[in-house]
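Participant: Before I ask anything, here is the structure I am working with.
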Amino acid sequence: MNNSAHQLQLRVYWEDTDASGVVYHANYLKWAERGRTEWLRALGGEQQRWIVEAGIAFTVAEMTVRYRRPARLDDRVLIKTELGVQRRASLIFEQRILHADSGELLAQMSVKAGCVDVKTFRPRPLPEWFFSQNGG
């Protein structure tokens with residue numbers, strides 16, 4: 001599996017903020033999801049094809065988040081996603097959300113995504129072609 005970092009830049013919109021004018025904590029999780037999706041896509045991963053043709057999908061099994069500093073309306077944020085650990089039926093992603101202009105760390109997370117059978121949602125080993133397709 002290729003361990004190259006992926007970067008995704010987003011802007012904070014009004015809808016992302018809470019009553020105090022800072023980004024609502026759950027939005028960091030949505031941004032991280034986008035980062036993992038784009039990481040897979042950058043490696044040639046078309047998740048809808050995997051669901052239909054291979055009968056596999058990824059689901060979040062565990063997540064730890066540490067919020068460091070708030071993002072605010074109109075900020076640009078950078079989501080950095082890297083593969084931390086590759087296991088037989090799961091991937092552990094290390095993600096950082098940074099202020100795009102200052103580089104200040106806003107949040108960091110470790111996310112375990114399990115490979116599951118789309119019909120049963122039971123763990124399923126990642127197929128061999130997944131590793132070779134993605135450089136591993």
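Just so we're on the same page: first chain in the structure tokens is A, next is B, and so on; residues restart at 1 for each chain, and ligands are numbered from 1 in the order they show up.
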For the structure I just gave you, how does DSSP split chain A - specifically, which residues are strand (DSSP E)? Reply as a ChimeraX atom specification.
Facilitator: /A:6-11,56-67,76-86,90-99,105-117
Participant: Please list as a ChimeraX atom specification every residue within 10 Å of Val12 of chain A, counting only C-alpha atoms and excluding residues in the same chain fewer than 5 positions away.
Facilitator: /A:17,22-23,27,71-77
Participant: Could you pull out the helix (DSSP H, G or I) residues of chain A, going by DSSP on the backbone, and write them as a ChimeraX atom specification?
Facilitator: /A:14-16,25-42,47-54,128-133
Participant: Excluding Leu40 of chain A and residues on its chain fewer than 5 positions from it, collect all residues at most 10 Å away from it, counting only C-alpha atoms, and give them as a list in words.
Facilitator: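 The contact residues come out as His6, Arg34, Gly35, Gly45, Glu46, Gln47, Thr81 and Asn134 of chain A.
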Participant: Which polymer residues have any atom within 7 Å of an atom of segment 118-122 of chain A, counting only C-alpha atoms, with same-chain residues fewer than 5 positions away left out, as a short mmCIF file (atom, residue, chain, number, x, y, z; two decimals) with C-alpha atoms, in the first residue's frame?
Facilitator:
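The file below, selection27.cif, is the result:
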data_model
loop_
_atom_site.label_atom_id
_atom_site.label_comp_id
_atom_site.auth_asym_id
_atom_site.auth_seq_id
_atom_site.Cartn_x
_atom_site.Cartn_y
_atom_site.Cartn_z
CA ILE A 51 -19.27 -2.08 -3.53
CA GLY A 55 -18.93 -6.58 -2.50
CA ILE A 56 -16.69 -4.68 -0.07
CA ALA A 57 -16.94 -1.33 1.67
#
Participant: Would you mind telling me which residue in A:Val60, A:Cys115, A:Leu105, A:Ala100 lies nearest to Arg87 of chain A when using only C-alpha atoms?
Facilitator: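 When distances to Arg87 of chain A are compared using only C-alpha atoms, the smallest one comes from A:Cys115.
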Participant: For a quick check of understanding, using only C-alpha atoms, which of A:Ser4, A:Thr37, A:Ser110, A:Ser102 has the smallest distance to Glu82 of chain A?
Facilitator: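 The answer is A:Ser4, which sits nearest to Glu82 of chain A.
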Participant: Which is closest to Lys30 of chain A among A:Ile79, A:Glu62, A:Gln7, A:Gln86, if we use only C-alpha atoms?
Facilitator: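 Among the listed residues, the smallest separation from Lys30 of chain A belongs to A:Ile79.
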Participant: So the first atom is atom CA of Pro127 of chain A and the second is atom CA of Gly114 of chain A; what is the distance between them in Å, to one decimal place?
Facilitator: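 Going from atom CA of Pro127 of chain A over to atom CA of Gly114 of chain A, I get 12.7 Å.
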Participant: Restricting the calculation to only C-alpha atoms: of A:Trp39, A:Phe58, A:Tyr24, A:Tyr13, which residue gets closest to Gln95 of chain A?
Facilitator: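 Closest residue, counting only C-alpha atoms: A:Trp39.
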Participant: Measuring between only C-alpha atoms, which one of A:Pro123, A:Arg68, A:Glu128, A:Ile92 shows the shortest distance to Tyr28 of chain A?
Facilitator: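 For Tyr28 of chain A, the nearest of the given residues is A:Arg68.
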Participant: Do a neighbour search on His25 of chain A at 9 Å with only C-alpha atoms, toss out local chain neighbours closer than 6 positions, and write the hits as a list in words.
Facilitator: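 Skipping anything fewer than 6 positions along the chain leaves Thr17, Asp18, Tyr67 and Pro70 of chain A.
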Participant: Just to be explicit: take each residue in the selection above, keep C-alpha atoms, and write the result as a short mmCIF file (atom, residue, chain, number, x, y, z; two decimals), in the first residue's frame.
Facilitator:
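Listed below is the output, again-v3.cif:
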data_model
loop_
_atom_site.label_atom_id
_atom_site.label_comp_id
_atom_site.auth_asym_id
_atom_site.auth_seq_id
_atom_site.Cartn_x
_atom_site.Cartn_y
_atom_site.Cartn_z
CA THR A 17 -20.09 27.18 12.34
CA ASP A 18 -21.98 27.14 15.62
CA TYR A 67 -9.23 19.24 19.03
CA PRO A 70 -10.88 26.43 16.49
#
Participant: Find the spatial neighbours of Leu29 of chain A, counting only C-alpha atoms, within a cut-off of 10 Å - ignore same-chain residues fewer than 6 positions away - and output them as a ChimeraX atom specification.
Facilitator: /A:35,63,65,107,109
